[in-house]
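Structure file final_38.txt (compact mmCIF, C-alpha atoms and all ligand atoms) follows.
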# COMPACT_ATOMS: atom_id res chain seq x y z
CA MET A 18 -11.06 6.67 -21.83
CA ARG A 19 -7.33 6.82 -21.11
CA ALA A 20 -6.02 3.91 -19.06
CA VAL A 21 -2.74 2.26 -18.06
CA ARG A 22 -2.78 -1.45 -18.83
CA TRP A 23 -0.39 -4.27 -17.95
CA HIS A 24 0.31 -6.51 -20.96
CA GLY A 25 3.47 -8.25 -19.78
CA ALA A 26 6.77 -7.76 -17.98
CA GLY A 27 8.22 -4.41 -19.08
CA ASP A 28 5.10 -3.85 -21.20
CA VAL A 29 2.70 -1.43 -19.54
CA ARG A 30 0.84 0.77 -22.04
CA ILE A 31 -1.09 4.04 -21.92
CA GLU A 32 -4.12 3.20 -24.06
CA ASP A 33 -7.60 4.26 -25.08
CA VAL A 34 -10.06 1.67 -23.82
CA PRO A 35 -13.87 1.55 -23.55
CA PRO A 36 -15.10 3.00 -20.23
CA PRO A 37 -16.26 0.51 -17.58
CA PRO A 38 -19.98 -0.39 -17.61
CA ALA A 39 -22.50 1.84 -15.87
CA PRO A 40 -22.84 0.66 -12.27
CA GLY A 41 -25.13 -2.33 -11.74
CA PRO A 42 -27.15 -3.01 -8.58
CA GLY A 43 -25.01 -2.31 -5.51
CA GLU A 44 -22.19 -0.77 -7.56
CA VAL A 45 -20.75 2.71 -8.02
CA ARG A 46 -18.72 4.18 -10.86
CA VAL A 47 -15.90 6.41 -9.63
CA ARG A 48 -14.12 9.20 -11.50
CA VAL A 49 -10.53 8.68 -10.37
CA ALA A 50 -8.69 11.70 -8.95
CA TRP A 51 -5.30 10.26 -7.92
CA CYS A 52 -3.76 6.81 -7.89
CA GLY A 53 -0.57 5.91 -6.02
CA LEU A 54 2.05 3.54 -7.41
CA CYS A 55 2.88 0.63 -5.13
CA GLY A 56 5.79 -1.78 -4.79
CA SER A 57 3.51 -4.52 -6.08
CA ASP A 58 2.83 -2.50 -9.27
CA VAL A 59 6.58 -2.16 -9.83
CA HIS A 60 7.07 -5.88 -9.16
CA GLU A 61 4.42 -6.71 -11.75
CA TYR A 62 5.99 -4.26 -14.21
CA ARG A 63 9.46 -5.77 -13.80
CA TYR A 64 8.81 -9.47 -13.29
CA GLY A 65 5.09 -10.11 -13.97
CA PRO A 66 2.91 -11.97 -14.18
CA VAL A 67 3.34 -12.37 -10.43
CA ARG A 68 -0.27 -11.83 -9.36
CA THR A 69 -1.78 -10.79 -12.70
CA PRO A 70 -4.00 -13.65 -13.93
CA ILE A 71 -3.23 -15.07 -17.36
CA GLU A 72 -6.20 -17.46 -17.08
CA PRO A 73 -9.55 -16.00 -15.91
CA HIS A 74 -9.31 -15.18 -12.19
CA PRO A 75 -11.68 -17.37 -10.07
CA VAL A 76 -13.31 -14.33 -8.40
CA THR A 77 -13.29 -11.68 -11.12
CA GLY A 78 -13.23 -13.83 -14.27
CA ARG A 79 -10.68 -11.38 -15.69
CA SER A 80 -7.23 -11.91 -17.16
CA ALA A 81 -4.50 -9.74 -18.68
CA PRO A 82 -4.38 -7.17 -20.15
CA LEU A 83 -5.74 -5.35 -17.10
CA ILE A 84 -5.75 -1.74 -15.88
CA ILE A 85 -3.32 -1.46 -12.96
CA GLY A 86 -3.43 0.76 -9.84
CA HIS A 87 -5.07 0.14 -6.46
CA GLU A 88 -4.28 3.20 -4.28
CA ILE A 89 -7.26 5.14 -5.52
CA SER A 90 -9.13 8.29 -4.62
CA GLY A 91 -11.96 9.74 -6.66
CA TRP A 92 -15.51 11.03 -6.79
CA VAL A 93 -18.60 8.86 -7.14
CA GLU A 94 -19.84 9.58 -10.67
CA SER A 95 -22.98 7.43 -10.60
CA ALA A 96 -24.54 4.78 -8.40
CA GLY A 97 -26.52 1.65 -9.31
CA THR A 98 -29.88 0.63 -7.87
CA GLY A 99 -29.98 -0.09 -4.15
CA VAL A 100 -26.97 2.08 -3.32
CA THR A 101 -27.78 4.49 -0.49
CA ALA A 102 -24.16 5.51 0.20
CA PRO A 103 -21.86 6.93 -0.95
CA GLU A 104 -23.84 9.49 -2.92
CA PRO A 105 -22.80 10.81 -6.33
CA GLY A 106 -20.21 13.56 -5.86
CA ALA A 107 -18.76 12.06 -2.66
CA LEU A 108 -14.97 11.84 -2.42
CA VAL A 109 -13.96 8.27 -1.63
CA ALA A 110 -10.97 5.98 -1.22
CA LEU A 111 -11.37 2.49 -2.63
CA ASN A 112 -10.61 -0.62 -0.64
CA ALA A 113 -8.87 -2.87 -3.18
CA LEU A 114 -9.69 -6.38 -1.98
CA LEU A 115 -12.03 -8.60 -4.00
CA PRO A 116 -12.65 -11.69 -1.84
CA CYS A 117 -14.71 -14.70 -2.97
CA GLY A 118 -17.05 -14.41 0.03
CA ARG A 119 -17.50 -18.20 0.25
CA CYS A 120 -14.27 -19.78 1.52
CA GLU A 121 -13.55 -20.49 5.18
CA PRO A 122 -11.43 -17.33 5.86
CA CYS A 123 -14.04 -15.18 4.05
CA LEU A 124 -16.91 -16.68 6.09
CA ARG A 125 -15.16 -15.86 9.37
CA GLY A 126 -14.50 -12.27 8.20
CA ASP A 127 -10.81 -12.57 7.34
CA VAL A 128 -11.38 -11.57 3.73
CA GLN A 129 -7.74 -10.50 3.36
CA LEU A 130 -6.90 -14.21 3.72
CA CYS A 131 -9.39 -15.36 1.06
CA LEU A 132 -8.09 -18.51 -0.63
CA THR A 133 -8.71 -17.02 -4.09
CA LEU A 134 -8.39 -13.33 -3.21
CA GLY A 135 -8.81 -10.95 -6.11
CA HIS A 136 -7.41 -7.44 -6.08
CA LEU A 137 -8.33 -4.22 -7.85
CA GLY A 138 -5.58 -3.29 -10.30
CA GLN A 139 -4.26 -6.86 -10.34
CA SER A 140 -7.12 -9.26 -11.04
CA ALA A 141 -9.71 -6.63 -12.01
CA ASP A 142 -9.41 -3.27 -13.76
CA GLY A 143 -7.92 -0.73 -11.32
CA GLY A 144 -7.53 2.96 -10.80
CA LEU A 145 -5.06 4.13 -13.41
CA ALA A 146 -7.97 5.10 -15.65
CA GLU A 147 -10.51 7.88 -15.79
CA LEU A 148 -13.33 5.67 -14.46
CA VAL A 149 -13.60 2.48 -12.42
CA THR A 150 -16.75 0.53 -11.48
CA VAL A 151 -16.72 -1.30 -8.13
CA PRO A 152 -19.12 -2.63 -5.47
CA ALA A 153 -20.27 0.34 -3.37
CA SER A 154 -19.06 -1.53 -0.27
CA MET A 155 -15.47 -0.96 -1.45
CA ALA A 156 -15.82 2.83 -1.26
CA VAL A 157 -14.80 4.50 2.00
CA THR A 158 -16.09 8.09 2.18
CA ALA A 159 -13.64 10.87 3.09
CA PRO A 160 -14.71 13.68 5.44
CA PRO A 161 -15.73 17.00 3.84
CA GLY A 162 -12.84 19.20 2.76
CA MET A 163 -10.18 16.48 2.60
CA ALA A 164 -7.83 16.83 -0.36
CA PRO A 165 -8.10 14.09 -3.04
CA ASP A 166 -4.31 13.50 -3.12
CA LEU A 167 -4.32 12.90 0.63
CA VAL A 168 -7.21 10.42 0.26
CA ALA A 169 -5.12 8.44 -2.27
CA LEU A 170 -2.75 7.61 0.62
CA ALA A 171 -5.54 5.74 2.47
CA GLU A 172 -4.45 2.33 1.17
CA PRO A 173 -0.78 2.44 2.24
CA PHE A 174 -1.74 4.04 5.58
CA ALA A 175 -4.36 1.28 6.09
CA VAL A 176 -1.64 -1.32 5.49
CA ALA A 177 0.50 0.41 8.14
CA ILE A 178 -2.41 0.62 10.60
CA ARG A 179 -3.11 -3.09 10.28
CA ALA A 180 0.58 -3.91 10.82
CA ILE A 181 0.72 -1.73 13.93
CA ARG A 182 -2.41 -3.38 15.30
CA HIS A 183 -0.64 -6.77 15.16
CA ALA A 184 1.87 -5.35 17.66
CA GLY A 185 -0.93 -4.79 20.21
CA ALA A 186 -2.11 -1.60 21.89
CA LEU A 187 0.84 0.78 21.75
CA SER A 188 1.49 3.92 23.74
CA GLU A 189 4.78 5.51 24.75
CA GLN A 190 6.47 2.41 23.36
CA ALA A 191 9.92 2.23 21.78
CA CYS A 192 9.39 1.07 18.20
CA VAL A 193 11.77 0.34 15.36
CA VAL A 194 10.59 0.56 11.76
CA LEU A 195 12.80 -1.22 9.25
CA GLY A 196 12.59 0.36 5.80
CA ALA A 197 11.94 4.04 5.01
CA GLY A 198 9.74 3.37 1.97
CA SER A 199 6.14 4.52 1.84
CA ILE A 200 4.73 1.83 4.20
CA GLY A 201 7.59 2.26 6.68
CA LEU A 202 7.22 6.04 6.68
CA ALA A 203 3.44 5.76 7.04
CA ALA A 204 3.87 3.38 10.00
CA ALA A 205 6.47 5.64 11.60
CA ILE A 206 4.25 8.72 11.22
CA ILE A 207 1.28 6.89 12.79
CA LEU A 208 3.37 5.52 15.68
CA ASP A 209 4.99 8.90 16.30
CA ALA A 210 1.62 10.68 16.25
CA GLY A 211 0.43 8.10 18.79
CA GLY A 212 3.11 9.17 21.26
CA ASN A 213 5.55 6.31 20.71
CA ARG A 214 9.34 6.66 20.43
CA VAL A 215 10.07 5.63 16.86
CA THR A 216 13.37 4.99 15.10
CA VAL A 217 13.34 4.41 11.35
CA LEU A 218 16.17 2.32 9.94
CA ASP A 219 17.31 1.95 6.35
CA VAL A 220 20.51 1.29 4.43
CA VAL A 221 19.99 4.10 1.88
CA GLU A 222 21.13 7.59 2.94
CA GLU A 223 18.57 9.41 0.74
CA ARG A 224 15.75 7.51 2.43
CA LEU A 225 17.08 8.31 5.90
CA ARG A 226 17.29 11.98 4.98
CA HIS A 227 13.69 11.85 3.75
CA ALA A 228 12.57 10.29 7.07
CA ALA A 229 14.47 12.99 8.98
CA ARG A 230 12.75 15.72 6.93
CA LEU A 231 9.44 14.27 8.16
CA GLY A 232 10.62 14.82 11.72
CA LEU A 233 11.43 11.15 12.34
CA ARG A 234 14.53 9.77 14.10
CA ALA A 235 16.42 7.94 11.36
CA ARG A 236 19.53 5.73 11.52
CA GLN A 237 21.55 3.40 9.37
CA VAL A 238 20.77 -0.28 10.09
CA ALA A 239 24.45 -1.04 10.77
CA ASP A 240 24.70 1.87 13.24
CA ALA A 241 21.65 0.69 15.12
CA LEU A 242 22.89 -2.90 15.33
CA GLY A 243 26.40 -1.77 16.29
CA GLY A 244 24.96 0.52 18.95
CA GLY A 245 22.94 -2.32 20.46
CA LEU A 246 19.53 -0.80 19.68
CA ARG A 247 16.71 -3.07 20.82
CA ALA A 248 12.99 -2.33 20.98
CA PRO A 249 9.88 -4.16 22.17
CA VAL A 250 8.23 -3.51 18.79
CA VAL A 251 9.87 -3.99 15.40
CA LEU A 252 7.96 -3.46 12.15
CA GLU A 253 9.67 -4.98 9.12
CA CYS A 254 8.56 -2.88 6.14
CA SER A 255 11.61 -3.14 3.87
CA GLY A 256 11.03 -6.48 2.18
CA ALA A 257 14.78 -7.15 2.12
CA ALA A 258 15.63 -10.85 2.45
CA SER A 259 18.10 -10.08 5.26
CA ALA A 260 15.60 -7.96 7.18
CA GLY A 261 13.94 -10.84 9.05
CA GLY A 262 17.25 -11.72 10.70
CA THR A 263 17.92 -8.05 11.40
CA ALA A 264 14.48 -7.67 12.97
CA VAL A 265 15.19 -10.55 15.39
CA ARG A 266 18.44 -8.89 16.46
CA LEU A 267 16.61 -5.57 16.98
CA ALA A 268 13.76 -7.06 19.04
CA ALA A 269 13.95 -6.81 22.81
CA ALA A 270 13.26 -9.93 24.93
CA GLY A 271 9.52 -10.56 24.98
CA GLY A 272 9.13 -8.25 22.00
CA VAL A 273 7.03 -8.53 18.88
CA ILE A 274 8.08 -8.36 15.25
CA VAL A 275 5.49 -7.64 12.58
CA ILE A 276 6.36 -8.62 9.02
CA VAL A 277 4.78 -6.43 6.33
CA GLY A 278 7.54 -6.39 3.69
CA LEU A 279 7.59 -9.18 1.12
CA PRO A 280 11.08 -10.53 0.41
CA GLY A 281 11.51 -12.16 -2.97
CA GLU A 282 13.32 -15.12 -1.43
CA PRO A 283 13.25 -17.09 1.87
CA SER A 284 14.91 -15.41 4.86
CA THR A 285 17.32 -16.81 7.46
CA LEU A 286 16.35 -16.20 11.10
CA ASP A 287 18.04 -17.24 14.35
CA LEU A 288 15.09 -19.22 15.72
CA ALA A 289 16.99 -20.22 18.88
CA ASP A 290 17.21 -16.51 19.67
CA VAL A 291 13.46 -16.19 18.97
CA ALA A 292 12.69 -19.03 21.41
CA LEU A 293 15.19 -18.09 24.13
CA ARG A 294 14.09 -14.46 24.19
CA GLU A 295 10.38 -15.20 23.65
CA ILE A 296 10.01 -13.05 20.56
CA THR A 297 6.66 -13.13 18.78
CA ILE A 298 6.68 -12.89 14.99
CA ALA A 299 3.40 -11.87 13.35
CA GLY A 300 2.55 -11.47 9.68
CA SER A 301 0.33 -8.67 8.42
CA MET A 302 -1.48 -8.87 5.12
CA SER A 303 -2.96 -5.84 3.37
CA HIS A 304 -5.89 -4.19 5.15
CA LEU A 305 -9.65 -4.28 5.71
CA ALA A 306 -12.09 -1.54 4.72
CA ASP A 307 -13.81 -0.83 8.05
CA ALA A 308 -11.12 -1.89 10.50
CA ASP A 309 -8.11 -0.34 8.78
CA MET A 310 -9.08 2.04 5.98
CA ALA A 311 -11.58 4.15 7.91
CA PRO A 312 -9.02 4.82 10.71
CA ALA A 313 -6.37 5.47 8.04
CA ILE A 314 -8.50 8.26 6.61
CA ALA A 315 -8.91 9.72 10.12
CA VAL A 316 -5.13 9.66 10.67
CA LEU A 317 -4.52 11.29 7.28
CA ALA A 318 -7.04 14.04 8.00
CA ALA A 319 -5.40 14.75 11.36
CA HIS A 320 -1.81 14.73 10.06
CA ALA A 321 -2.30 15.90 6.49
CA GLU A 322 0.88 17.86 5.91
CA ARG A 323 3.20 15.27 7.40
CA ALA A 324 1.44 12.41 5.61
CA LEU A 325 1.69 14.19 2.25
CA GLY A 326 5.41 14.43 2.97
CA ILE A 327 5.81 10.78 1.95
CA VAL A 328 4.91 11.81 -1.62
CA THR A 329 8.15 12.33 -3.51
CA SER A 330 6.80 12.80 -7.02
CA ARG A 331 3.56 13.52 -8.89
CA VAL A 332 3.09 12.63 -12.54
CA PRO A 333 0.23 12.87 -15.04
CA LEU A 334 -1.40 9.64 -16.26
CA ALA A 335 0.43 9.83 -19.59
CA GLU A 336 3.76 9.62 -17.71
CA THR A 337 2.86 6.67 -15.47
CA VAL A 338 5.59 4.54 -17.03
CA THR A 339 8.29 7.09 -17.87
CA GLY A 340 7.97 9.15 -14.68
CA GLY A 341 6.54 6.46 -12.40
CA LEU A 342 7.05 2.71 -12.84
CA GLY A 343 10.26 3.17 -14.82
CA VAL A 344 11.73 5.42 -12.11
CA LEU A 345 10.71 3.00 -9.34
CA ALA A 346 12.28 0.12 -11.26
CA GLY A 347 15.52 2.00 -11.94
CA PRO A 348 18.53 3.36 -10.05
CA GLY A 349 16.60 6.55 -9.14
CA ARG A 350 14.22 4.53 -6.95
CA HIS A 351 16.24 5.30 -3.82
CA ARG A 352 15.16 8.92 -4.06
CA GLN A 353 11.46 7.95 -4.12
CA ALA A 354 8.92 6.87 -1.56
CA LYS A 355 5.39 7.42 -2.89
CA ILE A 356 4.72 8.49 -6.47
CA LEU A 357 1.17 9.71 -7.11
CA VAL A 358 -0.39 9.70 -10.58
CA ARG A 359 -2.76 12.56 -11.32
CA VAL A 360 -5.64 10.98 -13.20
CA ALA A 361 -8.33 13.72 -13.17
CA ASP A 362 -7.44 17.19 -14.43
CA GLY A 363 -9.08 18.78 -11.40
CA GLY A 364 -7.30 16.42 -8.97
ZN ZN B 401 -0.36 -0.51 -2.39
ZN ZN B 402 -12.70 -16.27 0.02

Using the file provided, produce a representation of the structure as structure tokens.
Ligand SMILES: [Zn+2]
Ligand SMILES: [Zn+2]
Amino acid sequence: MRAVRWHGAGDVRIEDVPPPPAPGPGEVRVRVAWCGLCGSDVHEYRYGPVRTPIEPHPVTGRSAPLIIGHEISGWVESAGTGVTAPEPGALVALNALLPCGRCEPCLRGDVQLCLTLGHLGQSADGGLAELVTVPASMAVTAPPGMAPDLVALAEPFAVAIRAIRHAGALSEQACVVLGAGSIGLAAAIILDAGGNRVTVLDVVEERLRHAARLGLRARQVADALGGGLRAPVVLECSGAASAGGTAVRLAAAGGVIVIVGLPGEPSTLDLADVALREITIAGSMSHLADADMAPAIAVLAAHAERALGIVTSRVPLAETVTGGLGVLAGPGRHRQAKILVRVADGG
């Protein structure tokens, strides 16, 4: 089958590889429809190995070269013994986490904090291939009639839902979202649909225009700071090293900042300001299948057209590098939010 494999930094190849094994007990094999490209894929392409194992991974036993891609939608092609759901033919999104199941965070249910967490498309073969075999528990079934490209947005929307949950129960709240990339836009769409007053901030004009086209209030970071904007909820989705300090300045007294973006270097924060104005800073890591991905699919189904608006480009599998990773690693990245790769012809 055709697959996209990471071999090294700057070395991602479109290759013919043997298909994954038929599903064993408790597993399903999925025919991939669409797979989104993520910031972490680009990071691995430019600078890897960051999370790609060079020695066998403790959970998966796998090491590079590996098939990348973890924002996956597809149809169940076959199911192993003991699998009652999903049934063959069902359209599913795949939860990407591969926890060990034995460490202390895993045993208390925080599998996203697993001490040796594996990840589809990073430490096991992922979704940029015609077929992928996974535990059936990783498949989240989409409601009838949902479009496969929309289902491929379940992972980034689940990340946004988890981040929002860290800010508490929100309604009619003023919220600032830093960063108009795919996670920031997803978070802003979810908050807006929930009746909150959302402002999206970025430093790149093209990104602000994109946010505005989605019906979101969008401002330059410098404008917002200069204008004294402050909000009880700030979601940091940009991953810029300076954004932590900016988030503190944007938070209202008693407010909460949720950090989702991953800066490549340590950030400088005014911690006296954090203490004096009782600001809470929470981290948010990835997502869970039941708690985050199932509600993400519900949000996507309810706001399909707007959610699909975060997709800026669609490319066939053969162009994953030239039209996808290479674009997201280059100067044209500012014009992109989410790039979807069409894996199945009928996708
Ligand atoms: Zn992702
Ligand atoms: Zn674990």

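Using all atoms listed in the file, the smallest distance between any of A:Leu317, A:Ala141, A:Ala50, A:Ala241 and Thr77 in chain A comes from A:Ala141.
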
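Proximity to Ala146 in chain A was assessed for A:Ala210, A:Leu334, A:Val291, A:Ala164 counting all atoms listed in the file; the smallest distance is recorded for A:Leu334.
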
Please build the interface table for range 32-86 of chain A against range 338-345 of chain A with a cut-off of 10 Å, listing for each qualifying residue the nearest atom pair and the distance in Å to one decimal; count only C-alpha atoms, order rows by chain and increasing number, and write it as CSV.
residue,atom,partner,partner_atom,distance
A:Gly53,CA,A:Gly341,CA,9.6
A:Leu54,CA,A:Gly341,CA,7.3
A:Cys55,CA,A:Leu342,CA,9.0
A:Gly56,CA,A:Leu345,CA,8.2
A:Asp58,CA,A:Leu342,CA,7.6
A:Val59,CA,A:Leu342,CA,5.7
A:His60,CA,A:Leu342,CA,9.3
A:Glu61,CA,A:Leu342,CA,9.8
A:Tyr62,CA,A:Leu342,CA,7.2
A:Arg63,CA,A:Leu342,CA,8.9

Distance CA of Gly278 in chain A-CA of Gly245 in chain A, one decimal place?
-> 23.1 Å

Quick one: residues within 12 Å of Ala205 in chain A, all atoms listed in the file counted, chain neighbours fewer than 3 positions away excluded, as a PyMOL selection string?
-> chain A and resi 174+177-178+180-181+191-202+208-218+228-229+231-235+250-254+323-324+327

Deliver the residues from the most recent selection as a file, using C-alpha atoms, as a PDB file, in the frame of the given file.
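Output file again15.pdb is given in full below:
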ATOM      1  CA  PHE A 174      -1.740   4.040   5.580  1.00  0.00           C
ATOM      2  CA  ALA A 177       0.500   0.410   8.140  1.00  0.00           C
ATOM      3  CA  ILE A 178      -2.410   0.620  10.600  1.00  0.00           C
ATOM      4  CA  ALA A 180       0.580  -3.910  10.820  1.00  0.00           C
ATOM      5  CA  ILE A 181       0.720  -1.730  13.930  1.00  0.00           C
ATOM      6  CA  ALA A 191       9.920   2.230  21.780  1.00  0.00           C
ATOM      7  CA  CYS A 192       9.390   1.070  18.200  1.00  0.00           C
ATOM      8  CA  VAL A 193      11.770   0.340  15.360  1.00  0.00           C
ATOM      9  CA  VAL A 194      10.590   0.560  11.760  1.00  0.00           C
ATOM     10  CA  LEU A 195      12.800  -1.220   9.250  1.00  0.00           C
ATOM     11  CA  GLY A 196      12.590   0.360   5.800  1.00  0.00           C
ATOM     12  CA  ALA A 197      11.940   4.040   5.010  1.00  0.00           C
ATOM     13  CA  GLY A 198       9.740   3.370   1.970  1.00  0.00           C
ATOM     14  CA  SER A 199       6.140   4.520   1.840  1.00  0.00           C
ATOM     15  CA  ILE A 200       4.730   1.830   4.200  1.00  0.00           C
ATOM     16  CA  GLY A 201       7.590   2.260   6.680  1.00  0.00           C
ATOM     17  CA  LEU A 202       7.220   6.040   6.680  1.00  0.00           C
ATOM     18  CA  LEU A 208       3.370   5.520  15.680  1.00  0.00           C
ATOM     19  CA  ASP A 209       4.990   8.900  16.300  1.00  0.00           C
ATOM     20  CA  ALA A 210       1.620  10.680  16.250  1.00  0.00           C
ATOM     21  CA  GLY A 211       0.430   8.100  18.790  1.00  0.00           C
ATOM     22  CA  GLY A 212       3.110   9.170  21.260  1.00  0.00           C
ATOM     23  CA  ASN A 213       5.550   6.310  20.710  1.00  0.00           C
ATOM     24  CA  ARG A 214       9.340   6.660  20.430  1.00  0.00           C
ATOM     25  CA  VAL A 215      10.070   5.630  16.860  1.00  0.00           C
ATOM     26  CA  THR A 216      13.370   4.990  15.100  1.00  0.00           C
ATOM     27  CA  VAL A 217      13.340   4.410  11.350  1.00  0.00           C
ATOM     28  CA  LEU A 218      16.170   2.320   9.940  1.00  0.00           C
ATOM     29  CA  ALA A 228      12.570  10.290   7.070  1.00  0.00           C
ATOM     30  CA  ALA A 229      14.470  12.990   8.980  1.00  0.00           C
ATOM     31  CA  LEU A 231       9.440  14.270   8.160  1.00  0.00           C
ATOM     32  CA  GLY A 232      10.620  14.820  11.720  1.00  0.00           C
ATOM     33  CA  LEU A 233      11.430  11.150  12.340  1.00  0.00           C
ATOM     34  CA  ARG A 234      14.530   9.770  14.100  1.00  0.00           C
ATOM     35  CA  ALA A 235      16.420   7.940  11.360  1.00  0.00           C
ATOM     36  CA  VAL A 250       8.230  -3.510  18.790  1.00  0.00           C
ATOM     37  CA  VAL A 251       9.870  -3.990  15.400  1.00  0.00           C
ATOM     38  CA  LEU A 252       7.960  -3.460  12.150  1.00  0.00           C
ATOM     39  CA  GLU A 253       9.670  -4.980   9.120  1.00  0.00           C
ATOM     40  CA  CYS A 254       8.560  -2.880   6.140  1.00  0.00           C
ATOM     41  CA  ARG A 323       3.200  15.270   7.400  1.00  0.00           C
ATOM     42  CA  ALA A 324       1.440  12.410   5.610  1.00  0.00           C
ATOM     43  CA  ILE A 327       5.810  10.780   1.950  1.00  0.00           C
TER      44      ILE A 327
END

With all atoms listed in the file counted, collect every polymer residue having an atom within 12 Å of ligand ZN 401 (chain B); state the result as a ChimeraX atom specification.
-> /A:52-60,85-89,111-114,136-139,143-144,169-177,198-200,203,277-278,302-304,354-357

Print the selection's residues with C-alpha atoms to a file, as a PDB file, keeping the file's coordinate frame.
ATOM      1  CA  CYS A  52      -3.760   6.810  -7.890  1.00  0.00           C
ATOM      2  CA  GLY A  53      -0.570   5.910  -6.020  1.00  0.00           C
ATOM      3  CA  LEU A  54       2.050   3.540  -7.410  1.00  0.00           C
ATOM      4  CA  CYS A  55       2.880   0.630  -5.130  1.00  0.00           C
ATOM      5  CA  GLY A  56       5.790  -1.780  -4.790  1.00  0.00           C
ATOM      6  CA  SER A  57       3.510  -4.520  -6.080  1.00  0.00           C
ATOM      7  CA  ASP A  58       2.830  -2.500  -9.270  1.00  0.00           C
ATOM      8  CA  VAL A  59       6.580  -2.160  -9.830  1.00  0.00           C
ATOM      9  CA  HIS A  60       7.070  -5.880  -9.160  1.00  0.00           C
ATOM     10  CA  ILE A  85      -3.320  -1.460 -12.960  1.00  0.00           C
ATOM     11  CA  GLY A  86      -3.430   0.760  -9.840  1.00  0.00           C
ATOM     12  CA  HIS A  87      -5.070   0.140  -6.460  1.00  0.00           C
ATOM     13  CA  GLU A  88      -4.280   3.200  -4.280  1.00  0.00           C
ATOM     14  CA  ILE A  89      -7.260   5.140  -5.520  1.00  0.00           C
ATOM     15  CA  LEU A 111     -11.370   2.490  -2.630  1.00  0.00           C
ATOM     16  CA  ASN A 112     -10.610  -0.620  -0.640  1.00  0.00           C
ATOM     17  CA  ALA A 113      -8.870  -2.870  -3.180  1.00  0.00           C
ATOM     18  CA  LEU A 114      -9.690  -6.380  -1.980  1.00  0.00           C
ATOM     19  CA  HIS A 136      -7.410  -7.440  -6.080  1.00  0.00           C
ATOM     20  CA  LEU A 137      -8.330  -4.220  -7.850  1.00  0.00           C
ATOM     21  CA  GLY A 138      -5.580  -3.290 -10.300  1.00  0.00           C
ATOM     22  CA  GLN A 139      -4.260  -6.860 -10.340  1.00  0.00           C
ATOM     23  CA  GLY A 143      -7.920  -0.730 -11.320  1.00  0.00           C
ATOM     24  CA  GLY A 144      -7.530   2.960 -10.800  1.00  0.00           C
ATOM     25  CA  ALA A 169      -5.120   8.440  -2.270  1.00  0.00           C
ATOM     26  CA  LEU A 170      -2.750   7.610   0.620  1.00  0.00           C
ATOM     27  CA  ALA A 171      -5.540   5.740   2.470  1.00  0.00           C
ATOM     28  CA  GLU A 172      -4.450   2.330   1.170  1.00  0.00           C
ATOM     29  CA  PRO A 173      -0.780   2.440   2.240  1.00  0.00           C
ATOM     30  CA  PHE A 174      -1.740   4.040   5.580  1.00  0.00           C
ATOM     31  CA  ALA A 175      -4.360   1.280   6.090  1.00  0.00           C
ATOM     32  CA  VAL A 176      -1.640  -1.320   5.490  1.00  0.00           C
ATOM     33  CA  ALA A 177       0.500   0.410   8.140  1.00  0.00           C
ATOM     34  CA  GLY A 198       9.740   3.370   1.970  1.00  0.00           C
ATOM     35  CA  SER A 199       6.140   4.520   1.840  1.00  0.00           C
ATOM     36  CA  ILE A 200       4.730   1.830   4.200  1.00  0.00           C
ATOM     37  CA  ALA A 203       3.440   5.760   7.040  1.00  0.00           C
ATOM     38  CA  VAL A 277       4.780  -6.430   6.330  1.00  0.00           C
ATOM     39  CA  GLY A 278       7.540  -6.390   3.690  1.00  0.00           C
ATOM     40  CA  MET A 302      -1.480  -8.870   5.120  1.00  0.00           C
ATOM     41  CA  SER A 303      -2.960  -5.840   3.370  1.00  0.00           C
ATOM     42  CA  HIS A 304      -5.890  -4.190   5.150  1.00  0.00           C
ATOM     43  CA  ALA A 354       8.920   6.870  -1.560  1.00  0.00           C
ATOM     44  CA  LYS A 355       5.390   7.420  -2.890  1.00  0.00           C
ATOM     45  CA  ILE A 356       4.720   8.490  -6.470  1.00  0.00           C
ATOM     46  CA  LEU A 357       1.170   9.710  -7.110  1.00  0.00           C
TER      47      LEU A 357
END

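Using all atoms listed in the file, the shortest contact distance between Leu148 in chain A and any of A:Val100, A:Val34, A:Val47, A:Ile276 is found at A:Val47.
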
Could you tell me which of A:Pro73, A:Gly99, A:Gly349, A:Pro249 comes closest to Ser188 in chain A if we count only C-alpha atoms?
-> A:Pro249

Expected axis-aligned box over every listed atom of range 314-329 of chain A, 8 Å added per side, centre plus edges in Å to one decimal, as AutoDock Vina command-line options:
--center_x -0.4 --center_y 13.1 --center_z 3.9 --size_x 33.1 --size_y 25.6 --size_z 30.9

Within 12 Å of ligand ZN 402 (chain B), counting only C-alpha atoms and all ligand atoms, residues as a list in words | Pro75, Val76, Leu114, Leu115, Pro116, Cys117, Gly118, Arg119, Cys120, Glu121, Pro122, Cys123, Leu124, Arg125, Gly126, Asp127, Val128, Gln129, Leu130, Cys131, Leu132, Thr133, Leu134, Gly135 and His136 of chain A

Show which residues sit within 8 Å of Thr158 in chain A, as a ChimeraX atom specification. Count all atoms listed in the file, and ignore same-chain residues fewer than 6 positions away.
-> /A:103,107-110

Contact residues around Ala299 in chain A with all atoms listed in the file at 7 Å, ignoring same-chain residues under 3 positions, as JSON, numbers by chain = {"A": [183, 274, 275, 276]}

Could you work out how far CA of Asp28 in chain A lies from CA of Ile71 in chain A, giving the answer in Å with one decimal?
-> 14.5 Å

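Here the question is which of A:Val221, A:Ile84, A:Ala153, A:Ile206 gets nearest to Pro105 in chain A using all atoms listed in the file, and that residue is A:Ala153.
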
To one decimal place, how far is CA of Gly65 in chain A from CA of Ser154 in chain A in Å?
->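 Rounded to one decimal, the two atoms are 29.1 Å apart.
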
Exercise: Ala306 in chain A partners within 8 Å, only C-alpha atoms, chain neighbours under 4 positions left out, as a compact mmCIF listing (two decimals) with C-alpha atoms, in the coordinates of the input:
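After the write, out31.txt holds the following:
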# COMPACT_ATOMS: atom_id res chain seq x y z
CA ASN A 112 -10.61 -0.62 -0.64
CA MET A 155 -15.47 -0.96 -1.45
CA VAL A 157 -14.80 4.50 2.00
CA MET A 310 -9.08 2.04 5.98
CA ALA A 311 -11.58 4.15 7.91
